[in-house]
$ cat start35.cif   # mmCIF, C-alpha atoms and all ligand atoms
data_target
#
loop_
_atom_site.label_atom_id
_atom_site.label_comp_id
_atom_site.auth_asym_id
_atom_site.auth_seq_id
_atom_site.Cartn_x
_atom_site.Cartn_y
_atom_site.Cartn_z
CA MET A 1 17.31 -54.22 -4.75
CA LYS A 2 19.45 -53.61 -1.71
CA ARG A 3 21.06 -50.57 -3.24
CA ILE A 4 17.74 -49.11 -4.35
CA SER A 5 16.13 -49.51 -0.97
CA ARG A 6 19.06 -47.81 0.70
CA PHE A 7 18.79 -45.00 -1.81
CA THR A 8 15.09 -44.71 -1.11
CA LYS A 9 15.49 -44.71 2.65
CA GLN A 10 18.03 -41.95 2.60
CA SER A 11 16.54 -39.77 -0.08
CA VAL A 12 12.84 -39.82 0.51
CA PRO A 13 12.90 -37.92 3.80
CA ALA A 14 15.41 -35.46 2.38
CA MET A 15 13.40 -34.97 -0.79
CA SER A 16 10.09 -34.54 0.94
CA ALA A 17 11.63 -32.08 3.36
CA LEU A 18 12.99 -30.15 0.39
CA SER A 19 9.73 -30.18 -1.51
CA LEU A 20 7.85 -29.12 1.60
CA LEU A 21 10.26 -26.25 2.04
CA LEU A 22 9.95 -25.28 -1.61
CA SER A 23 6.17 -25.42 -1.65
CA VAL A 24 5.89 -23.39 1.55
CA SER A 25 8.22 -20.66 0.36
CA THR A 26 6.62 -20.57 -3.12
CA VAL A 27 3.12 -20.04 -1.71
CA GLY A 28 4.49 -17.45 0.69
CA ALA A 29 6.29 -15.50 -2.01
CA ASP A 30 3.20 -15.55 -4.22
CA GLU A 31 1.05 -14.16 -1.42
CA VAL A 32 3.56 -11.45 -0.68
CA GLU A 33 3.66 -10.50 -4.35
CA LYS A 34 -0.14 -10.21 -4.50
CA ALA A 35 -0.25 -8.12 -1.33
CA VAL A 36 2.46 -5.81 -2.72
CA ASP A 37 0.50 -5.44 -5.98
CA TYR A 38 -2.66 -4.65 -4.05
CA ARG A 39 -1.15 -2.02 -1.77
CA GLN A 40 0.81 -0.37 -4.57
CA GLY A 41 -2.38 -0.38 -6.67
CA VAL A 42 -4.26 1.47 -3.95
CA MET A 43 -1.36 3.93 -3.62
CA ASN A 44 -1.45 4.56 -7.36
CA VAL A 45 -5.17 5.36 -7.13
CA TYR A 46 -4.36 7.86 -4.38
CA SER A 47 -1.61 9.37 -6.44
CA TRP A 48 -3.73 9.62 -9.63
CA ASN A 49 -6.34 11.67 -7.81
CA MET A 50 -3.94 13.79 -5.77
CA LYS A 51 -1.99 14.70 -8.90
CA ALA A 52 -5.12 15.72 -10.80
CA MET A 53 -6.25 17.96 -7.95
CA SER A 54 -2.87 19.55 -7.35
CA ASN A 55 -2.44 20.21 -11.09
CA MET A 56 -5.68 22.20 -10.99
CA MET A 57 -4.62 24.12 -7.91
CA LYS A 58 -1.27 24.94 -9.50
CA GLY A 59 -2.97 26.04 -12.72
CA LYS A 60 -1.21 23.34 -14.76
CA VAL A 61 -4.63 22.25 -15.99
CA PRO A 62 -7.74 24.43 -16.00
CA TYR A 63 -9.54 24.59 -12.67
CA ASP A 64 -12.88 22.78 -12.76
CA GLN A 65 -14.70 22.52 -9.46
CA LYS A 66 -16.84 19.54 -10.52
CA ALA A 67 -13.84 17.58 -11.76
CA PHE A 68 -11.92 18.43 -8.59
CA ALA A 69 -14.85 17.30 -6.43
CA ALA A 70 -15.02 14.01 -8.37
CA HIS A 71 -11.32 13.37 -7.70
CA ALA A 72 -11.79 14.26 -4.03
CA ASN A 73 -14.65 11.75 -3.87
CA ASP A 74 -12.54 9.04 -5.47
CA LEU A 75 -9.67 9.74 -3.09
CA ALA A 76 -12.04 9.49 -0.13
CA ALA A 77 -13.49 6.23 -1.48
CA ALA A 78 -10.03 4.76 -2.09
CA SER A 79 -8.81 5.70 1.36
CA ALA A 80 -11.83 3.97 2.86
CA LEU A 81 -10.68 0.66 1.30
CA LYS A 82 -9.25 -1.89 3.68
CA LEU A 83 -5.56 -1.32 3.18
CA MET A 84 -4.13 -3.29 6.09
CA PRO A 85 -4.71 -6.72 4.49
CA GLY A 86 -2.25 -5.47 1.85
CA PHE A 87 0.40 -5.39 4.57
CA PRO A 88 0.52 -8.95 5.94
CA GLU A 89 3.21 -9.43 8.57
CA ASP A 90 6.79 -9.08 7.28
CA SER A 91 5.74 -8.79 3.64
CA GLU A 92 8.94 -7.16 2.52
CA SER A 93 10.20 -7.85 -0.97
CA GLU A 94 12.51 -6.50 -3.63
CA GLU A 95 9.51 -5.05 -5.44
CA SER A 96 8.41 -3.13 -2.38
CA ASP A 97 9.42 0.09 -0.66
CA ALA A 98 7.68 -0.86 2.57
CA LEU A 99 9.96 -0.55 5.62
CA PRO A 100 10.10 -3.15 8.43
CA GLU A 101 9.03 -0.41 10.90
CA ILE A 102 5.47 -0.99 9.62
CA TRP A 103 5.26 -4.30 11.46
CA MET A 104 7.03 -3.00 14.54
CA GLU A 105 4.57 -0.14 14.95
CA PHE A 106 1.49 -1.47 13.23
CA ASP A 107 -0.97 0.48 15.40
CA ASP A 108 0.68 3.74 14.49
CA PHE A 109 0.82 2.73 10.82
CA GLU A 110 -2.89 2.00 10.93
CA ALA A 111 -3.57 5.32 12.66
CA LYS A 112 -1.73 7.14 9.89
CA HIS A 113 -3.98 5.43 7.38
CA ARG A 114 -7.06 6.49 9.33
CA ALA A 115 -5.72 10.05 9.40
CA LEU A 116 -5.60 10.00 5.61
CA GLY A 117 -9.19 8.72 5.52
CA GLU A 118 -10.29 11.64 7.65
CA ALA A 119 -8.35 14.21 5.62
CA ALA A 120 -9.75 12.78 2.39
CA SER A 121 -13.36 12.77 3.51
CA ASN A 122 -12.92 16.31 4.79
CA LEU A 123 -11.48 17.29 1.41
CA SER A 124 -14.40 15.75 -0.44
CA ARG A 125 -16.92 17.56 1.79
CA ILE A 126 -15.17 20.89 1.23
CA ALA A 127 -14.79 20.29 -2.50
CA ALA A 128 -18.56 19.82 -2.79
CA GLU A 129 -19.01 23.28 -1.25
CA GLY A 130 -16.77 24.69 -3.96
CA GLU A 131 -14.75 27.39 -2.20
CA LYS A 132 -11.39 27.23 -3.93
CA GLY A 133 -9.21 28.57 -1.11
CA ALA A 134 -10.63 26.10 1.40
CA MET A 135 -10.22 23.31 -1.15
CA GLY A 136 -6.54 24.16 -1.54
CA GLU A 137 -6.05 24.05 2.21
CA ALA A 138 -7.85 20.73 2.56
CA LEU A 139 -5.81 19.31 -0.31
CA LYS A 140 -2.60 20.31 1.49
CA LYS A 141 -3.76 18.52 4.62
CA ALA A 142 -4.42 15.35 2.64
CA GLY A 143 -0.94 15.65 1.11
CA LYS A 144 0.53 15.94 4.59
CA ALA A 145 -1.23 12.73 5.62
CA CYS A 146 0.50 10.94 2.71
CA LYS A 147 3.88 12.36 3.66
CA ALA A 148 3.51 11.62 7.38
CA CYS A 149 3.24 7.94 6.57
CA HIS A 150 5.84 7.80 3.79
CA LYS A 151 8.43 9.56 5.91
CA LYS A 152 8.36 6.83 8.51
CA TYR A 153 7.29 3.73 6.65
CA LYS A 154 8.31 3.98 3.00
CA ASN A 155 11.77 3.76 1.45
C1 LIG B 1 -0.51 4.48 6.18
C2 LIG B 1 0.66 4.82 5.41
C3 LIG B 1 0.53 5.46 4.06
C4 LIG B 1 -0.28 6.49 3.67
C5 LIG B 1 -1.27 7.28 4.51
C6 LIG B 1 0.01 6.73 2.28
N1 LIG B 1 0.96 5.86 1.84
FE1 LIG B 1 1.69 5.75 -0.05
N2 LIG B 1 2.86 4.19 0.49
C7 LIG B 1 2.96 3.67 1.75
C8 LIG B 1 3.90 2.56 1.75
C9 LIG B 1 4.29 1.70 2.94
C10 LIG B 1 4.35 2.43 0.42
C11 LIG B 1 5.31 1.38 -0.13
C12 LIG B 1 4.45 0.19 -0.59
C13 LIG B 1 5.26 -0.91 -1.22
O1 LIG B 1 6.09 -0.61 -2.12
O2 LIG B 1 5.04 -2.07 -0.86
C14 LIG B 1 3.68 3.49 -0.35
C15 LIG B 1 3.87 3.69 -1.71
C16 LIG B 1 3.30 4.71 -2.43
C17 LIG B 1 3.51 4.95 -3.84
C18 LIG B 1 4.38 4.09 -4.78
C19 LIG B 1 3.50 2.98 -5.33
C20 LIG B 1 4.24 2.02 -6.24
O3 LIG B 1 3.68 1.66 -7.29
O4 LIG B 1 5.36 1.61 -5.90
C21 LIG B 1 2.77 6.05 -4.18
C22 LIG B 1 2.67 6.69 -5.57
C23 LIG B 1 2.09 6.51 -2.99
N3 LIG B 1 2.43 5.67 -1.95
C24 LIG B 1 1.25 7.59 -2.95
C25 LIG B 1 0.53 7.97 -1.82
C26 LIG B 1 -0.35 9.11 -1.76
C27 LIG B 1 -0.60 10.09 -2.90
C28 LIG B 1 -0.88 9.13 -0.50
C29 LIG B 1 -1.87 10.10 0.09
C30 LIG B 1 -3.07 10.41 -0.65
C31 LIG B 1 -0.31 8.01 0.22
N4 LIG B 1 0.54 7.34 -0.60
C32 LIG B 1 -0.61 7.70 1.52
C33 LIG B 1 2.31 4.09 2.87
C34 LIG B 1 1.33 5.08 2.90
#

$ encode --input "start35.cif" --output "structure tokens"
Amino acid sequence: MKRISRFTKQSVPAMSALSLLLSVSTVGADEVEKAVDYRQGVMNVYSWNMKAMSNMMKGKVPYDQKAFAAHANDLAAASALKLMPGFPEDSESEESDALPEIWMEFDDFEAKHRALGEAASNLSRIAAEGEKGAMGEALKKAGKACKACHKKYKN
């Protein structure tokens, strides 16, 4: 009995500290993983639509104003999604290309996301009008909004 109680006294605090540590870091890692999946999912929606539009502009697939306008609409809708909850503080991980600068300059990061939202809604307005040259220009501006953020905040 004596030996067991000594064992218990010494180990219980150590074990509960360990299990607390483990449970905290497990929940944390799981939340980071979900946030990374979410933000990369949104990015892939952006990319899907940008690619389809630029393929039309480059003549890789036949130009179709209605299809282009639908992609522009989807890009505008996707860039109106709340993206910032996908970047909880310090959510870096091996699966992610997000740079720590995001959380050092979060206001600027957010502003770059808003700039994309504006470029994308402008693109969708212009695409509905259907003038190809103007659509190409507006598409370039949207592409620049992607690059402006990636250059600073993505690996
Ligand atoms: C506000 C900043 C910001 C803007 C604007 C932005 N991105 Fe990103 N993008 C990121 C960051 C940060 C990552 C890295 C995310 C990660 O891996 O956790 C990323 C990752 C990506 C990825 C890789 C996704 C994956 O599965 O790993 C693609 C593709 C992408 N972006 C496309 C785009 C396109 C296309 C646009 C413009 C229509 C765009 N992004 C606009 C910040 C931005």

$ residues_near_point --input "start35.cif" --point "(-9.4, 23.2, -5.5)" --cutoff "8 Å" --atoms "only C-alpha atoms" --output "JSON, numbers by chain"
{"A": [53, 54, 56, 57, 63, 65, 68, 127, 130, 131, 132, 133, 134, 135, 136, 139]}

$ write_last_selection --input "start35.cif" --atoms "C-alpha atoms" --output "short mmCIF file (atom, residue, chain, number, x, y, z; two decimals), in the frame of the given file"
data_model
loop_
_atom_site.label_atom_id
_atom_site.label_comp_id
_atom_site.auth_asym_id
_atom_site.auth_seq_id
_atom_site.Cartn_x
_atom_site.Cartn_y
_atom_site.Cartn_z
CA MET A 53 -6.25 17.96 -7.95
CA SER A 54 -2.87 19.55 -7.35
CA MET A 56 -5.68 22.20 -10.99
CA MET A 57 -4.62 24.12 -7.91
CA TYR A 63 -9.54 24.59 -12.67
CA GLN A 65 -14.70 22.52 -9.46
CA PHE A 68 -11.92 18.43 -8.59
CA ALA A 127 -14.79 20.29 -2.50
CA GLY A 130 -16.77 24.69 -3.96
CA GLU A 131 -14.75 27.39 -2.20
CA LYS A 132 -11.39 27.23 -3.93
CA GLY A 133 -9.21 28.57 -1.11
CA ALA A 134 -10.63 26.10 1.40
CA MET A 135 -10.22 23.31 -1.15
CA GLY A 136 -6.54 24.16 -1.54
CA LEU A 139 -5.81 19.31 -0.31
#

$ closest_residue --input "start35.cif" --among "A:Lys66, A:Lys112, A:Lys144, A:Arg125" --to "ligand LIG 1 (chain B)" --atoms "all atoms listed in the file"
A:Lys112

$ atom_distance --input "start35.cif" --atom1 "atom CA of A:Asp64" --atom2 "atom CA of A:Leu123"
15.3 Å

$ closest_residue --input "start35.cif" --among "A:Asn122, A:Asn73, A:Ser96, A:Asn49" --to "ligand LIG 1 (chain B)" --atoms "all atoms listed in the file"
A:Ser96

$ residues_near_ligand --input "start35.cif" --ligand "ligand LIG 1 (chain B)" --cutoff "8 Å" --atoms "all atoms listed in the file" --output "PyMOL selection string"
chain A and resi 36-37+39-41+43-51+75+79+87+92-93+95-99+102+109-116+120+142-150+153-155

$ atom_distance --input "start35.cif" --atom1 "atom CA of A:Gly59" --atom2 "atom CA of A:Ala72"
17.1 Å

$ closest_residue --input "start35.cif" --among "A:Phe106, A:Ile126, A:Ser121, A:Asn55" --to "A:Pro85" --atoms "only C-alpha atoms"
A:Phe106

$ build_atoms --input "start35.cif" --residues "stretch 85-96 of chain A" --atoms "all heavy atoms" --output "mmCIF file, in the frame of the given file"
data_model
loop_
_atom_site.group_PDB
_atom_site.id
_atom_site.type_symbol
_atom_site.label_atom_id
_atom_site.label_comp_id
_atom_site.auth_asym_id
_atom_site.auth_seq_id
_atom_site.Cartn_x
_atom_site.Cartn_y
_atom_site.Cartn_z
ATOM 1 N N PRO A 85 -4.965 -5.369 5.029
ATOM 2 C CA PRO A 85 -4.710 -6.720 4.490
ATOM 3 C C PRO A 85 -3.639 -6.731 3.390
ATOM 4 O O PRO A 85 -3.087 -7.782 3.079
ATOM 5 C CB PRO A 85 -6.073 -7.150 3.927
ATOM 6 C CG PRO A 85 -7.057 -6.342 4.711
ATOM 7 C CD PRO A 85 -6.388 -5.015 4.946
ATOM 8 N N GLY A 86 -3.341 -5.578 2.828
ATOM 9 C CA GLY A 86 -2.250 -5.470 1.850
ATOM 10 C C GLY A 86 -0.876 -5.418 2.514
ATOM 11 O O GLY A 86 0.135 -5.385 1.822
ATOM 12 N N PHE A 87 -0.867 -5.392 3.837
ATOM 13 C CA PHE A 87 0.400 -5.390 4.570
ATOM 14 C C PHE A 87 0.478 -6.560 5.549
ATOM 15 O O PHE A 87 0.577 -6.358 6.753
ATOM 16 C CB PHE A 87 0.585 -4.058 5.322
ATOM 17 C CG PHE A 87 0.856 -2.883 4.423
ATOM 18 C CD1 PHE A 87 -0.179 -2.095 3.953
ATOM 19 C CD2 PHE A 87 2.155 -2.577 4.033
ATOM 20 C CE1 PHE A 87 0.066 -1.009 3.113
ATOM 21 C CE2 PHE A 87 2.412 -1.490 3.201
ATOM 22 C CZ PHE A 87 1.368 -0.709 2.734
ATOM 23 N N PRO A 88 0.380 -7.801 5.029
ATOM 24 C CA PRO A 88 0.520 -8.950 5.940
ATOM 25 C C PRO A 88 1.903 -8.913 6.595
ATOM 26 O O PRO A 88 2.850 -8.355 6.013
ATOM 27 C CB PRO A 88 0.375 -10.158 5.020
ATOM 28 C CG PRO A 88 0.658 -9.671 3.662
ATOM 29 C CD PRO A 88 0.291 -8.226 3.632
ATOM 30 N N GLU A 89 1.988 -9.502 7.767
ATOM 31 C CA GLU A 89 3.210 -9.430 8.570
ATOM 32 C C GLU A 89 4.474 -9.757 7.754
ATOM 33 O O GLU A 89 4.528 -10.750 7.041
ATOM 34 C CB GLU A 89 3.102 -10.388 9.759
ATOM 35 C CG GLU A 89 4.192 -10.170 10.768
ATOM 36 C CD GLU A 89 3.652 -10.107 12.202
ATOM 37 O OE1 GLU A 89 2.464 -10.385 12.404
ATOM 38 O OE2 GLU A 89 4.425 -9.770 13.090
ATOM 39 N N ASP A 90 5.462 -8.891 7.890
ATOM 40 C CA ASP A 90 6.790 -9.080 7.280
ATOM 41 C C ASP A 90 6.750 -9.266 5.765
ATOM 42 O O ASP A 90 7.566 -10.006 5.219
ATOM 43 C CB ASP A 90 7.511 -10.274 7.926
ATOM 44 C CG ASP A 90 7.719 -10.052 9.408
ATOM 45 O OD1 ASP A 90 7.903 -8.885 9.811
ATOM 46 O OD2 ASP A 90 7.689 -11.039 10.166
ATOM 47 N N SER A 91 5.807 -8.618 5.096
ATOM 48 C CA SER A 91 5.740 -8.790 3.640
ATOM 49 C C SER A 91 6.659 -7.800 2.940
ATOM 50 O O SER A 91 6.212 -6.949 2.191
ATOM 51 C CB SER A 91 4.299 -8.664 3.144
ATOM 52 O OG SER A 91 3.711 -7.467 3.600
ATOM 53 N N GLU A 92 7.941 -7.959 3.230
ATOM 54 C CA GLU A 92 8.940 -7.160 2.520
ATOM 55 C C GLU A 92 9.341 -7.915 1.266
ATOM 56 O O GLU A 92 9.312 -9.130 1.248
ATOM 57 C CB GLU A 92 10.174 -6.962 3.399
ATOM 58 C CG GLU A 92 9.918 -6.082 4.600
ATOM 59 C CD GLU A 92 11.093 -6.133 5.561
ATOM 60 O OE1 GLU A 92 12.145 -5.593 5.181
ATOM 61 O OE2 GLU A 92 10.955 -6.720 6.632
ATOM 62 N N SER A 93 9.690 -7.182 0.224
ATOM 63 C CA SER A 93 10.200 -7.850 -0.970
ATOM 64 C C SER A 93 11.004 -6.852 -1.793
ATOM 65 O O SER A 93 10.975 -5.647 -1.520
ATOM 66 C CB SER A 93 9.042 -8.417 -1.804
ATOM 67 O OG SER A 93 8.567 -7.454 -2.717
ATOM 68 N N GLU A 94 11.693 -7.374 -2.775
ATOM 69 C CA GLU A 94 12.510 -6.500 -3.630
ATOM 70 C C GLU A 94 11.659 -5.512 -4.402
ATOM 71 O O GLU A 94 12.120 -4.454 -4.790
ATOM 72 C CB GLU A 94 13.302 -7.360 -4.617
ATOM 73 C CG GLU A 94 14.615 -7.839 -4.047
ATOM 74 C CD GLU A 94 15.435 -8.615 -5.067
ATOM 75 O OE1 GLU A 94 15.177 -8.462 -6.276
ATOM 76 O OE2 GLU A 94 16.309 -9.378 -4.636
ATOM 77 N N GLU A 95 10.409 -5.904 -4.652
ATOM 78 C CA GLU A 95 9.510 -5.050 -5.440
ATOM 79 C C GLU A 95 8.877 -3.955 -4.588
ATOM 80 O O GLU A 95 8.111 -3.153 -5.090
ATOM 81 C CB GLU A 95 8.354 -5.885 -6.032
ATOM 82 C CG GLU A 95 8.759 -7.183 -6.703
ATOM 83 C CD GLU A 95 9.671 -6.943 -7.882
ATOM 84 O OE1 GLU A 95 9.418 -5.976 -8.625
ATOM 85 O OE2 GLU A 95 10.651 -7.697 -8.042
ATOM 86 N N SER A 96 9.160 -3.974 -3.308
ATOM 87 C CA SER A 96 8.410 -3.130 -2.380
ATOM 88 C C SER A 96 9.298 -2.107 -1.691
ATOM 89 O O SER A 96 10.463 -2.378 -1.395
ATOM 90 C CB SER A 96 7.746 -4.034 -1.338
ATOM 91 O OG SER A 96 7.269 -3.272 -0.265
#
